Amino acid sequence: MQNHGFARVAAASPELRVADCVFNSEQIIDVIKNAAAQEVEYLVLPELCITGYTCADLFLQPRLLDAATEALLRITAATSEHTMIVIAGLPISIKSRLFNCAAVIQQGHILGIVVKTCIPGYSEFYEPRWFAGAEELEVSELRIGGAVVPIGNDLIFACENNGNVSFGVEICEDLWVPVPPSSLLAQAGATLLFNPSASNELVGKADYRRQLVGSQSASCVAGYVYAGCNTGESTTDVVFGGHSLIAENGQLLAESERFTHESRMITADIDLPRLQYSRTVMGTFRAGKGGRNFRELLYVSPVRENSQRELKRTVGVNPFVPGNPLQRDERCQEILSIQTSGLMKRIRHIGTKQAVIGISGGLDSTLALLVAVRAMELLGRPASDVLAVTMPGFGTTNRTYDNAVGLIKALGASLQVVDIKAACLQHFEDIGHDKDVHDLTYENVQARERTQILMDLANKNGGIVIGTGDLSELALGWCTYNGDHMSMYSVNSGIPKTLIQYVVAWYADHEADETVGKFLYSIIETGISPELLPPSATGEIVQLTENILGPYIVHDFFLYYMLRTGASPGKMLYLAQHAFGEAYPKEQLVAWLKVFVTRFFTQQFKRSCLPDGPKVGTVSLSPRGDWRMPSDASAALWLQEIEEL
């Protein structure tokens with residue numbers, strides 16, 4: 001099984017005794033063995049972990065410094081059988097100056113030694129008493145254990161067989177300054193950033209540390225691994241909690257418990273290709289923009305491509321919807337605000353008398369109606385300036401019709417009912433189509449008739465037609481060209497189907513009165529359907545979209561990972577299997593993936609002429625912004641990979 005470019009990283013806080021380098025090295029070696037057993041590929045240990053951070057004036061003792069170097073060599077030897085990268089901290093004396101360093105080790109060799117740049121001497125920190133900053137380093141190489149090793153704060157470590165993967169190291173305080181070295185390392189190409197740290201605990205500091213690591217990983221578009229020393233450090237004046245964190249581009253993947261005395265390690269899998277894709281899309285991480293000339297040191301890739309290990313990160317089934325209810329509520333409120341603001345600007349600019357919208361009793365048109373009513377209210381205009389038109393056709397059921405009419409009336413919008421059946425029958429006769437043949441023509445005639453009615457009413461009343469189609473439908477091309485595909489402003493075009501129900505539910509819970517809320521929840525509970533085919537003998541919907549295309553939750557998953565992360569079909573399937581587990585068999589996921597890719601490519605022509613509409617989230621298919629693709633692009637490469645799955 002391919003690893004799909006995930007790198008397993010770990011931050012460990014070994015049990016520690018201050019100034020006992022033998023004990024500390026034994027604990028570190030045990031951690032390395034444990035990490036190897038878990039197939040860790042990059043391991044970062046705390047600042048000065050070989051001696052302890054709180055040695056104070058003992059740092060000036062040659063015996064301690066010699067013991068630290070001896071311990072480093074033992075630790076290095078212990079890595080000889082592993083390709084894992086290990087980063088461990090120790091003090092090193094050079095030309096009568098002492099430096100706070102982090103050794104980068106692989107396969108029994110020290111690849112390089114990074115020197116701390118920023119030396120804190122404020123509050124409880126007294127490092128300038130013992131350590132010099134990197135600017136005082138007068139050498140670029142150091143002989144350790146018979147080998148010449150590069151040293152400095154200008155080192156970047158590049159994977160020798162993958163030009164897109166490199167990492168850099170900064171030490172503790174380096175992160176807390178206005179321009180951290182990690183920012184320059186990221187600009188120079190480092191996708192992984194490691195921080196051996198010794199940040200003590202204060203009330204509220206853990207929250208700030210968490211925000212800092214997350215923010216830096218986001219601003220650098222990188223994986224950031226932070227290892228803090230634990231309670232084994234001296235508690236003479238401060239306490240250390242062993243706080244370790246792993247973040248990827250703003251997302252916290254793993255966090256350790258604090259205030260533990262035994263060795264602790266956290267692990268997570270960093271998606272390196274996703275980071276590379278994001279940087280490529282942004283275009284702001286190009287060579288030569290780091291502002292510093294870094295020395296590039298090569299290392300052997302520790303990533304195990306054929307590993308059978310289980311992915312060690314959470315992959316949600318619904319990447320567009322926050323799992324935290326509070327965050328989800330905030331997201332829904334913000335989406336409504338973005339939609340409403342966009343429509344208000346368009347109404348103001350045009351000076352339109354009405355917002356004309358077709359209401360089917362489904363989720364999409366319901367959300368668009370809510371947005372239109374909100375916009376009018378915020379403009380100081382009555383809800384009746386929204387002309388809501390329901391147009392029953394051959395597939396309309398009593399449930400959706402009653403929900404549509406009831407909701408329109410409850411919101412105070414203007415209601416107009418236009419039955420399209422007679423007009424469609426006339427059109428069938430005009431073009432010579434058998435009304436009993438329920439094919440694509442039968443369906444699309446109804447969709448285009450509805451759009452024509454809306455356009456004509458907008459012309460008649462000095463209004464604009466508000467589009468209702470959503471992002472998921474646009475991705476799959478599940479709309480009738482020049483039918484529901486067309487409008488004068490499309491408020492839902494940036495919102496995926498799986499998110500719309502939550503936005504509608506939020507409105508029902510926070511802004512709607514009891515009557516409106518009942519209609520909204522009835523609509524949420526109604527199956528998704530275009531209602532273009534006649535209902536069953538008992539009046540039930542027979543044309544359910546998800547029975548035809550597959551579940552929207554799966555298609556939205558594919559959409560997110562293809563556009564947001566650049567994932568290949570194989571990687572999308574790998575992630576989907578991890579996310580959905582046993583909910584769907586592999587064969588079914590592969591079949592839906594083929595549907596998604598086929599329709600995504602063949603339906604681009606519909607997206608190439610979309611109406612205006614606000615971008616809401618990080619994924620958009622607007623031809624004027626986020627997604628520009630030839631309408632005749634071939635899907636052969638993607639379909640070939642799917643066939644091989």
# chains A, B, ... in the order shown; residues from 1 in each chain; ligands from 1

$ select_by_dssp --residues "region 209-330 of chain A" --states "helix (DSSP H, G or I)" --output "list in words"
Arg209, Arg210, Gln211, Leu212, Val213, Gly214, Ser215, Gln216, Ser217, Ala218, Ser219, Leu272, Pro273, Arg274, Leu275, Gln276, Tyr277, Ser278, Arg279, Thr280, Val281, Met282, Pro325, Leu326, Gln327, Arg328, Asp329 and Glu330 of chain A

$ write_last_selection --atoms "C-alpha atoms" --output "mmCIF file, in the first residue's frame"
data_model
loop_
_atom_site.group_PDB
_atom_site.id
_atom_site.type_symbol
_atom_site.label_atom_id
_atom_site.label_comp_id
_atom_site.auth_asym_id
_atom_site.auth_seq_id
_atom_site.Cartn_x
_atom_site.Cartn_y
_atom_site.Cartn_z
ATOM 1 C CA ARG A 209 1.865 28.422 22.961
ATOM 2 C CA ARG A 210 -0.808 26.421 21.192
ATOM 3 C CA GLN A 211 -1.915 29.475 19.210
ATOM 4 C CA LEU A 212 1.676 30.366 18.376
ATOM 5 C CA VAL A 213 2.558 26.937 16.996
ATOM 6 C CA GLY A 214 -0.687 26.728 15.031
ATOM 7 C CA SER A 215 -0.291 30.220 13.605
ATOM 8 C CA GLN A 216 3.331 29.692 12.603
ATOM 9 C CA SER A 217 2.478 26.436 10.850
ATOM 10 C CA ALA A 218 -0.229 28.327 8.951
ATOM 11 C CA SER A 219 1.852 31.354 7.991
ATOM 12 C CA LEU A 272 3.760 16.668 2.653
ATOM 13 C CA PRO A 273 2.239 16.677 -0.869
ATOM 14 C CA ARG A 274 -0.686 18.724 0.455
ATOM 15 C CA LEU A 275 1.709 21.336 1.810
ATOM 16 C CA GLN A 276 3.626 21.369 -1.459
ATOM 17 C CA TYR A 277 0.395 21.761 -3.434
ATOM 18 C CA SER A 278 -0.770 24.648 -1.251
ATOM 19 C CA ARG A 279 2.546 26.436 -1.684
ATOM 20 C CA THR A 280 2.487 25.893 -5.442
ATOM 21 C CA VAL A 281 -1.034 27.302 -5.669
ATOM 22 C CA MET A 282 -0.055 30.316 -3.559
ATOM 23 C CA PRO A 325 -20.702 22.479 17.244
ATOM 24 C CA LEU A 326 -19.614 25.952 18.367
ATOM 25 C CA GLN A 327 -17.286 26.352 15.399
ATOM 26 C CA ARG A 328 -19.997 25.002 13.117
ATOM 27 C CA ASP A 329 -22.474 27.593 14.392
ATOM 28 C CA GLU A 330 -19.933 30.367 13.848
#

$ residues_around --residues "Gln501 (chain A)" --least-positions-apart "5" --cutoff "9 Å" --atoms "only C-alpha atoms" --output "PDB file with all heavy atoms, in the first residue's frame"
ATOM      1  N   LEU A 363     -33.624  22.140  -0.277  1.00  0.00           N
ATOM      2  CA  LEU A 363     -32.658  22.859   0.563  1.00  0.00           C
ATOM      3  C   LEU A 363     -32.055  24.084  -0.120  1.00  0.00           C
ATOM      4  O   LEU A 363     -31.944  25.152   0.473  1.00  0.00           O
ATOM      5  CB  LEU A 363     -31.534  21.912   0.980  1.00  0.00           C
ATOM      6  CG  LEU A 363     -31.748  21.074   2.235  1.00  0.00           C
ATOM      7  CD1 LEU A 363     -30.624  20.061   2.385  1.00  0.00           C
ATOM      8  CD2 LEU A 363     -31.817  21.966   3.467  1.00  0.00           C
ATOM      9  N   ASP A 364     -31.639  23.919  -1.371  1.00  0.00           N
ATOM     10  CA  ASP A 364     -30.920  25.004  -2.033  1.00  0.00           C
ATOM     11  C   ASP A 364     -31.771  26.256  -2.190  1.00  0.00           C
ATOM     12  O   ASP A 364     -31.345  27.362  -1.852  1.00  0.00           O
ATOM     13  CB  ASP A 364     -30.422  24.545  -3.403  1.00  0.00           C
ATOM     14  CG  ASP A 364     -29.329  23.491  -3.300  1.00  0.00           C
ATOM     15  OD1 ASP A 364     -28.827  23.271  -2.185  1.00  0.00           O
ATOM     16  OD2 ASP A 364     -28.977  22.899  -4.328  1.00  0.00           O
ATOM     17  N   LEU A 367     -32.391  28.015   1.177  1.00  0.00           N
ATOM     18  CA  LEU A 367     -31.312  28.866   1.658  1.00  0.00           C
ATOM     19  C   LEU A 367     -31.264  30.173   0.869  1.00  0.00           C
ATOM     20  O   LEU A 367     -31.088  31.261   1.449  1.00  0.00           O
ATOM     21  CB  LEU A 367     -29.976  28.138   1.554  1.00  0.00           C
ATOM     22  CG  LEU A 367     -28.747  28.951   1.979  1.00  0.00           C
ATOM     23  CD1 LEU A 367     -28.895  29.478   3.403  1.00  0.00           C
ATOM     24  CD2 LEU A 367     -27.475  28.125   1.845  1.00  0.00           C
ATOM     25  N   TRP A 506     -29.112  26.338  11.244  1.00  0.00           N
ATOM     26  CA  TRP A 506     -28.692  27.441  12.108  1.00  0.00           C
ATOM     27  C   TRP A 506     -29.699  28.580  12.051  1.00  0.00           C
ATOM     28  O   TRP A 506     -30.056  29.146  13.092  1.00  0.00           O
ATOM     29  CB  TRP A 506     -27.310  27.946  11.688  1.00  0.00           C
ATOM     30  CG  TRP A 506     -26.810  29.030  12.609  1.00  0.00           C
ATOM     31  CD1 TRP A 506     -26.072  28.872  13.735  1.00  0.00           C
ATOM     32  CD2 TRP A 506     -27.074  30.437  12.504  1.00  0.00           C
ATOM     33  NE1 TRP A 506     -25.853  30.085  14.341  1.00  0.00           N
ATOM     34  CE2 TRP A 506     -26.451  31.068  13.609  1.00  0.00           C
ATOM     35  CE3 TRP A 506     -27.771  31.222  11.595  1.00  0.00           C
ATOM     36  CZ2 TRP A 506     -26.518  32.444  13.810  1.00  0.00           C
ATOM     37  CZ3 TRP A 506     -27.836  32.605  11.799  1.00  0.00           C
ATOM     38  CH2 TRP A 506     -27.204  33.200  12.894  1.00  0.00           C
ATOM     39  N   ILE A 524     -35.348  20.175   5.579  1.00  0.00           N
ATOM     40  CA  ILE A 524     -34.075  19.494   5.834  1.00  0.00           C
ATOM     41  C   ILE A 524     -34.259  17.981   5.791  1.00  0.00           C
ATOM     42  O   ILE A 524     -33.395  17.235   5.309  1.00  0.00           O
ATOM     43  CB  ILE A 524     -33.501  19.929   7.198  1.00  0.00           C
ATOM     44  CG1 ILE A 524     -33.027  21.389   7.132  1.00  0.00           C
ATOM     45  CG2 ILE A 524     -32.352  19.024   7.638  1.00  0.00           C
ATOM     46  CD1 ILE A 524     -32.660  21.974   8.479  1.00  0.00           C
TER      47      ILE A 524
END

$ closest_residue --among "A:Thr397, A:Asn324, A:Ser414, A:Asn230" --to "Pro382 (chain A)" --atoms "only C-alpha atoms"
A:Ser414

$ residues_around --residues "region 52-65 of chain A" --least-positions-apart "3" --cutoff "9 Å" --atoms "only C-alpha atoms" --output "JSON list (two decimals) with N, CA and C atoms, in the first residue's frame"
[["chain", "number", "residue", "atom", "x", "y", "z"],
["A", 16, "LEU", "N", 13.88, 12.90, 32.70],
["A", 16, "LEU", "CA", 15.14, 13.64, 32.74],
["A", 16, "LEU", "C", 15.64, 13.85, 34.16],
["A", 17, "ARG", "N", 16.96, 13.83, 34.31],
["A", 17, "ARG", "CA", 17.62, 14.25, 35.55],
["A", 17, "ARG", "C", 18.59, 15.37, 35.21],
["A", 18, "VAL", "N", 18.49, 16.46, 35.91],
["A", 18, "VAL", "CA", 19.32, 17.62, 35.61],
["A", 18, "VAL", "C", 20.80, 17.28, 35.79],
["A", 19, "ALA", "N", 21.56, 17.51, 34.73],
["A", 19, "ALA", "CA", 23.02, 17.33, 34.69],
["A", 19, "ALA", "C", 23.48, 15.88, 34.66],
["A", 20, "ASP", "N", 22.55, 14.93, 34.52],
["A", 20, "ASP", "CA", 22.93, 13.51, 34.46],
["A", 20, "ASP", "C", 22.86, 13.06, 33.00],
["A", 21, "CYS", "N", 23.95, 13.27, 32.27],
["A", 21, "CYS", "CA", 23.95, 13.00, 30.83],
["A", 21, "CYS", "C", 23.84, 11.51, 30.51],
["A", 24, "ASN", "N", 20.14, 10.62, 31.03],
["A", 24, "ASN", "CA", 19.34, 11.28, 30.00],
["A", 24, "ASN", "C", 19.53, 10.63, 28.63],
["A", 46, "PRO", "N", 13.42, 17.69, 23.32],
["A", 46, "PRO", "CA", 13.43, 19.05, 23.87],
["A", 46, "PRO", "C", 14.78, 19.75, 23.81],
["A", 47, "GLU", "N", 14.74, 21.04, 24.05],
["A", 47, "GLU", "CA", 15.92, 21.88, 24.11],
["A", 47, "GLU", "C", 16.85, 21.41, 25.23],
["A", 48, "LEU", "N", 18.14, 21.27, 24.90],
["A", 48, "LEU", "CA", 19.16, 20.87, 25.88],
["A", 48, "LEU", "C", 18.77, 19.60, 26.63],
["A", 49, "CYS", "N", 18.10, 18.68, 25.95],
["A", 49, "CYS", "CA", 17.58, 17.48, 26.62],
["A", 49, "CYS", "C", 18.69, 16.55, 27.11],
["A", 68, "ALA", "N", 28.17, 15.75, 27.84],
["A", 68, "ALA", "CA", 27.11, 15.98, 26.86],
["A", 68, "ALA", "C", 27.54, 15.52, 25.48],
["A", 69, "THR", "N", 28.78, 15.82, 25.12],
["A", 69, "THR", "CA", 29.28, 15.39, 23.81],
["A", 69, "THR", "C", 29.38, 13.87, 23.74],
["A", 70, "GLU", "N", 29.86, 13.25, 24.84],
["A", 70, "GLU", "CA", 29.94, 11.79, 24.88],
["A", 70, "GLU", "C", 28.55, 11.16, 24.74],
["A", 89, "GLY", "N", 18.91, 18.22, 21.73],
["A", 89, "GLY", "CA", 19.56, 19.45, 22.16],
["A", 89, "GLY", "C", 20.68, 19.23, 23.16],
["A", 90, "LEU", "N", 21.73, 20.05, 23.05],
["A", 90, "LEU", "CA", 22.86, 20.00, 23.98],
["A", 90, "LEU", "C", 23.65, 21.30, 23.90],
["A", 91, "PRO", "N", 24.43, 21.60, 24.94],
["A", 91, "PRO", "CA", 25.33, 22.76, 24.89],
["A", 91, "PRO", "C", 26.66, 22.37, 24.26],
["A", 92, "ILE", "N", 27.23, 23.27, 23.47],
["A", 92, "ILE", "CA", 28.53, 23.01, 22.84],
["A", 92, "ILE", "C", 29.41, 24.24, 23.00],
["A", 93, "SER", "N", 30.65, 24.02, 23.46],
["A", 93, "SER", "CA", 31.61, 25.10, 23.64],
["A", 93, "SER", "C", 32.50, 25.23, 22.41],
["A", 98, "LEU", "N", 29.85, 29.50, 24.64],
["A", 98, "LEU", "CA", 28.93, 28.38, 24.79],
["A", 98, "LEU", "C", 27.70, 28.64, 23.94],
["A", 126, "TYR", "N", 17.56, 33.47, 31.80],
["A", 126, "TYR", "CA", 18.88, 34.07, 32.02],
["A", 126, "TYR", "C", 19.92, 33.50, 31.06],
["A", 127, "GLU", "N", 19.50, 33.10, 29.89],
["A", 127, "GLU", "CA", 20.42, 32.41, 28.97],
["A", 127, "GLU", "C", 21.66, 33.21, 28.60],
["A", 129, "ARG", "N", 23.58, 34.69, 30.35],
["A", 129, "ARG", "CA", 24.62, 34.45, 31.36],
["A", 129, "ARG", "C", 25.54, 33.32, 30.92],
["A", 130, "TRP", "N", 25.00, 32.37, 30.12],
["A", 130, "TRP", "CA", 25.78, 31.20, 29.74],
["A", 130, "TRP", "C", 26.00, 31.09, 28.23],
["A", 131, "PHE", "N", 24.99, 31.48, 27.45],
["A", 131, "PHE", "CA", 25.04, 31.17, 26.02],
["A", 131, "PHE", "C", 25.22, 32.41, 25.15],
["A", 198, "ALA", "N", 12.13, 24.57, 25.62],
["A", 198, "ALA", "CA", 12.10, 24.44, 27.08],
["A", 198, "ALA", "C", 11.26, 25.59, 27.63],
["A", 229, "CYS", "N", 10.34, 20.34, 27.25],
["A", 229, "CYS", "CA", 10.88, 19.49, 28.32],
["A", 229, "CYS", "C", 9.88, 19.36, 29.47],
["A", 232, "GLY", "N", 10.88, 16.84, 34.82],
["A", 232, "GLY", "CA", 12.19, 16.41, 35.33],
["A", 232, "GLY", "C", 13.16, 17.57, 35.47],
["A", 233, "GLU", "N", 12.86, 18.69, 34.80],
["A", 233, "GLU", "CA", 13.71, 19.87, 34.95],
["A", 233, "GLU", "C", 13.62, 20.41, 36.38],
["A", 234, "SER", "N", 14.60, 21.21, 36.76],
["A", 234, "SER", "CA", 14.61, 21.80, 38.10],
["A", 234, "SER", "C", 13.38, 22.67, 38.32],
["A", 235, "THR", "N", 12.83, 22.58, 39.52],
["A", 235, "THR", "CA", 11.67, 23.40, 39.89],
["A", 235, "THR", "C", 12.05, 24.47, 40.92]]

$ closest_atom_pairs --of "region 29-127 of chain A" --to "region 142-149 of chain A" --cutoff "8 Å" --atoms "only C-alpha atoms" --output "Markdown table"
| residue | atom | partner | partner_atom | distance |
| --- | --- | --- | --- | --- |
| A:Thr69 | CA | A:Ile144 | CA | 7.9 |
| A:Leu73 | CA | A:Gly145 | CA | 7.0 |
| A:Ile110 | CA | A:Val149 | CA | 6.7 |
| A:Leu111 | CA | A:Val149 | CA | 6.6 |
| A:Gly112 | CA | A:Val149 | CA | 5.5 |
| A:Ile113 | CA | A:Val149 | CA | 7.2 |

$ write_last_selection --atoms "all heavy atoms" --output "CSV table (one decimal), in the first residue's frame"
chain,number,residue,atom,x,y,z
A,69,THR,N,28.8,15.8,25.1
A,69,THR,CA,29.3,15.4,23.8
A,69,THR,C,29.4,13.9,23.7
A,69,THR,O,29.0,13.2,22.7
A,69,THR,CB,30.7,16.0,23.5
A,69,THR,OG1,30.5,17.4,23.6
A,69,THR,CG2,31.2,15.6,22.2
A,73,LEU,N,27.3,11.3,21.2
A,73,LEU,CA,27.9,10.2,20.3
A,73,LEU,C,27.2,8.9,20.6
A,73,LEU,O,27.0,8.1,19.7
A,73,LEU,CB,29.4,10.1,20.6
A,73,LEU,CG,30.2,11.4,20.1
A,73,LEU,CD1,31.7,11.2,20.5
A,73,LEU,CD2,30.1,11.6,18.6
A,110,ILE,N,26.0,12.5,12.5
A,110,ILE,CA,25.5,13.8,12.8
A,110,ILE,C,25.5,14.6,11.5
A,110,ILE,O,26.5,14.9,10.9
A,110,ILE,CB,26.3,14.5,13.9
A,110,ILE,CG1,26.4,13.7,15.1
A,110,ILE,CG2,25.7,15.9,14.2
A,110,ILE,CD1,27.4,14.2,16.2
A,111,LEU,N,24.3,14.9,11.0
A,111,LEU,CA,24.2,15.6,9.7
A,111,LEU,C,24.6,17.1,9.8
A,111,LEU,O,25.1,17.7,8.9
A,111,LEU,CB,22.8,15.5,9.1
A,111,LEU,CG,22.2,14.1,8.9
A,111,LEU,CD1,20.8,14.2,8.3
A,111,LEU,CD2,23.2,13.3,8.0
A,112,GLY,N,24.2,17.7,11.0
A,112,GLY,CA,24.5,19.1,11.2
A,112,GLY,C,24.1,19.5,12.6
A,112,GLY,O,23.3,18.8,13.2
A,113,ILE,N,24.6,20.7,13.0
A,113,ILE,CA,24.2,21.2,14.3
A,113,ILE,C,23.7,22.6,14.2
A,113,ILE,O,24.3,23.5,13.6
A,113,ILE,CB,25.4,21.2,15.3
A,113,ILE,CG1,25.9,19.7,15.5
A,113,ILE,CG2,25.1,21.9,16.6
A,113,ILE,CD1,27.1,19.6,16.4

$ select_by_dssp --residues "region 426-593 of chain A" --states "strand (DSSP E or B)" --output "PDB file with C-alpha atoms, in the first residue's frame"
ATOM      1  CA  GLY A 463     -36.059  42.538 -10.623  1.00  0.00           C
ATOM      2  CA  ILE A 464     -33.126  40.129 -10.798  1.00  0.00           C
ATOM      3  CA  VAL A 465     -33.216  36.345 -10.690  1.00  0.00           C
ATOM      4  CA  ILE A 466     -31.422  34.857  -7.673  1.00  0.00           C
ATOM      5  CA  GLY A 467     -29.672  31.572  -8.452  1.00  0.00           C
ATOM      6  CA  TYR A 489     -26.700  36.446  -9.092  1.00  0.00           C
ATOM      7  CA  SER A 490     -26.082  33.033  -7.553  1.00  0.00           C
TER       8      SER A 490
END

$ residues_around --residues "region 201-206 of chain A" --least-positions-apart "4" --cutoff "10 Å" --atoms "only C-alpha atoms" --output "compact mmCIF listing (two decimals) with N, CA, C and O atoms, in the first residue's frame"
# COMPACT_ATOMS: atom_id res chain seq x y z
N ARG A 210 -0.01 27.16 22.17
CA ARG A 210 -0.81 26.42 21.19
C ARG A 210 -1.16 27.31 19.99
O ARG A 210 -1.05 26.90 18.82
N GLN A 211 -1.58 28.54 20.29
CA GLN A 211 -1.92 29.48 19.21
C GLN A 211 -0.68 29.83 18.38
O GLN A 211 -0.75 29.94 17.15
N LEU A 212 0.44 29.98 19.05
CA LEU A 212 1.68 30.37 18.38
C LEU A 212 2.13 29.28 17.40
O LEU A 212 2.47 29.57 16.24
N ASN A 230 10.00 18.28 30.21
CA ASN A 230 8.97 17.95 31.20
C ASN A 230 9.38 18.29 32.63
O ASN A 230 10.35 18.99 32.88
N THR A 231 8.63 17.74 33.56
CA THR A 231 8.78 18.09 34.97
C THR A 231 10.08 17.58 35.59
O THR A 231 10.36 17.85 36.76
N VAL A 238 10.80 27.70 38.56
CA VAL A 238 9.74 27.51 37.56
C VAL A 238 9.44 26.02 37.42
O VAL A 238 10.19 25.17 37.90
N VAL A 239 8.34 25.72 36.74
CA VAL A 239 7.94 24.33 36.49
C VAL A 239 7.76 24.15 34.99
O VAL A 239 7.20 25.01 34.30
N PHE A 240 8.24 23.02 34.48
CA PHE A 240 8.08 22.69 33.07
C PHE A 240 7.07 21.54 32.96
O PHE A 240 7.08 20.62 33.76
N GLY A 241 6.23 21.62 31.95
CA GLY A 241 5.13 20.66 31.85
C GLY A 241 5.23 19.63 30.76
O GLY A 241 4.38 18.76 30.64
N GLY A 242 6.26 19.72 29.91
CA GLY A 242 6.38 18.74 28.83
C GLY A 242 5.34 18.93 27.75
O GLY A 242 4.85 17.96 27.16
N HIS A 243 5.01 20.19 27.45
CA HIS A 243 3.98 20.48 26.46
C HIS A 243 4.55 20.31 25.05
O HIS A 243 5.45 21.04 24.65
N SER A 244 4.04 19.34 24.31
CA SER A 244 4.48 19.10 22.93
C SER A 244 3.29 19.25 21.99
O SER A 244 2.15 18.91 22.35
N ARG A 258 0.23 17.44 29.83
CA ARG A 258 1.27 18.19 30.54
C ARG A 258 1.43 17.65 31.96
O ARG A 258 0.58 16.93 32.46
N PHE A 259 2.54 18.02 32.59
CA PHE A 259 2.83 17.71 33.99
C PHE A 259 2.91 16.20 34.24
O PHE A 259 2.33 15.67 35.17

$ residues_around --residues "Pro623 (chain A)" --least-positions-apart "3" --cutoff "6 Å" --atoms "only C-alpha atoms" --output "list of chain:residue names"
A:Ser608, A:Trp627, A:Arg628

$ closest_residue --among "A:Ile338, A:Cys424, A:Leu407, A:Ala383" --to "Tyr521 (chain A)" --atoms "only C-alpha atoms"
A:Leu407

$ residues_around --residues "Asp456 (chain A)" --least-positions-apart "5" --cutoff "12 Å" --atoms "only C-alpha atoms" --output "list of chain:residue names"
A:Val356, A:Ile357, A:Val389, A:Glu449, A:Arg450, A:Thr451, A:Asn461, A:Gly462, A:Gly463, A:Ile464, A:Val465, A:Ser487

$ write_last_selection --atoms "C-alpha atoms" --output "PDB file, in the first residue's frame"
ATOM      1  CA  VAL A 356     -37.045  36.947  -7.994  1.00  0.00           C
ATOM      2  CA  ILE A 357     -36.388  33.404  -6.869  1.00  0.00           C
ATOM      3  CA  VAL A 389     -42.252  31.717  -7.326  1.00  0.00           C
ATOM      4  CA  GLU A 449     -39.388  26.450 -18.527  1.00  0.00           C
ATOM      5  CA  ARG A 450     -38.971  27.404 -14.877  1.00  0.00           C
ATOM      6  CA  THR A 451     -35.904  29.531 -15.624  1.00  0.00           C
ATOM      7  CA  ASN A 461     -41.148  43.617 -12.383  1.00  0.00           C
ATOM      8  CA  GLY A 462     -37.738  45.293 -12.616  1.00  0.00           C
ATOM      9  CA  GLY A 463     -36.059  42.538 -10.623  1.00  0.00           C
ATOM     10  CA  ILE A 464     -33.126  40.129 -10.798  1.00  0.00           C
ATOM     11  CA  VAL A 465     -33.216  36.345 -10.690  1.00  0.00           C
ATOM     12  CA  SER A 487     -29.408  33.369 -13.003  1.00  0.00           C
TER      13      SER A 487
END

$ closest_residue --among "A:Asn398, A:Thr480, A:Ser197, A:Ser620" --to "Met562 (chain A)" --atoms "only C-alpha atoms"
A:Ser620

$ closest_residue --among "A:Glu296, A:Glu124, A:Asp470, A:Glu310" --to "Leu155 (chain A)" --atoms "only C-alpha atoms"
A:Glu296

$ residues_around --residues "Val554 (chain A)" --least-positions-apart "4" --cutoff "9 Å" --atoms "only C-alpha atoms" --output "list in words"
Val317, Asn318, Gly550, Phe558, Leu559, Ala576, Phe580, Leu589, Trp592 and Leu593 of chain A

$ closest_residue --among "A:Leu573, A:Ala158, A:Leu544, A:Leu476" --to "Val597 (chain A)" --atoms "only C-alpha atoms"
A:Leu476

$ closest_residue --among "A:Leu193, A:Leu245, A:Val177, A:Leu369" --to "Asn492 (chain A)" --atoms "only C-alpha atoms"
A:Leu369

$ atom_distance --atom1 "CA of Phe125 (chain A)" --atom2 "CA of Thr51 (chain A)"
17.1 Å

$ closest_atom_pairs --of "region 88-143 of chain A" --to "region 161-176 of chain A" --cutoff "12 Å" --atoms "only C-alpha atoms" --output "JSON lines"
{"residue": "A:Ala88", "atom": "CA", "partner": "A:Ile171", "partner_atom": "CA", "distance": 10.7}
{"residue": "A:Gly89", "atom": "CA", "partner": "A:Ile171", "partner_atom": "CA", "distance": 8.9}
{"residue": "A:Leu90", "atom": "CA", "partner": "A:Ile171", "partner_atom": "CA", "distance": 11.2}
{"residue": "A:Phe99", "atom": "CA", "partner": "A:Ile171", "partner_atom": "CA", "distance": 11.5}
{"residue": "A:Asn100", "atom": "CA", "partner": "A:Ile171", "partner_atom": "CA", "distance": 8.4}
{"residue": "A:Cys101", "atom": "CA", "partner": "A:Ile171", "partner_atom": "CA", "distance": 7.9}
{"residue": "A:Ala102", "atom": "CA", "partner": "A:Ile171", "partner_atom": "CA", "distance": 7.6}
{"residue": "A:Ala103", "atom": "CA", "partner": "A:Val169", "partner_atom": "CA", "distance": 9.6}
{"residue": "A:Val104", "atom": "CA", "partner": "A:Val169", "partner_atom": "CA", "distance": 8.8}
{"residue": "A:Gly112", "atom": "CA", "partner": "A:Val169", "partner_atom": "CA", "distance": 10.5}
{"residue": "A:Ile113", "atom": "CA", "partner": "A:Val169", "partner_atom": "CA", "distance": 9.4}
{"residue": "A:Val114", "atom": "CA", "partner": "A:Val169", "partner_atom": "CA", "distance": 6.8}
{"residue": "A:Val115", "atom": "CA", "partner": "A:Ile171", "partner_atom": "CA", "distance": 7.9}
{"residue": "A:Lys116", "atom": "CA", "partner": "A:Ile171", "partner_atom": "CA", "distance": 5.4}
{"residue": "A:Thr117", "atom": "CA", "partner": "A:Asp174", "partner_atom": "CA", "distance": 6.3}
{"residue": "A:Cys118", "atom": "CA", "partner": "A:Asp174", "partner_atom": "CA", "distance": 5.3}
{"residue": "A:Ile119", "atom": "CA", "partner": "A:Glu173", "partner_atom": "CA", "distance": 6.9}
{"residue": "A:Pro120", "atom": "CA", "partner": "A:Glu173", "partner_atom": "CA", "distance": 6.6}
{"residue": "A:Gly121", "atom": "CA", "partner": "A:Glu173", "partner_atom": "CA", "distance": 10.3}
{"residue": "A:Tyr122", "atom": "CA", "partner": "A:Glu173", "partner_atom": "CA", "distance": 11.2}
{"residue": "A:Phe125", "atom": "CA", "partner": "A:Glu173", "partner_atom": "CA", "distance": 10.2}
{"residue": "A:Glu127", "atom": "CA", "partner": "A:Glu173", "partner_atom": "CA", "distance": 10.5}
{"residue": "A:Gly133", "atom": "CA", "partner": "A:Asp174", "partner_atom": "CA", "distance": 10.8}
{"residue": "A:Ala134", "atom": "CA", "partner": "A:Asp174", "partner_atom": "CA", "distance": 11.1}
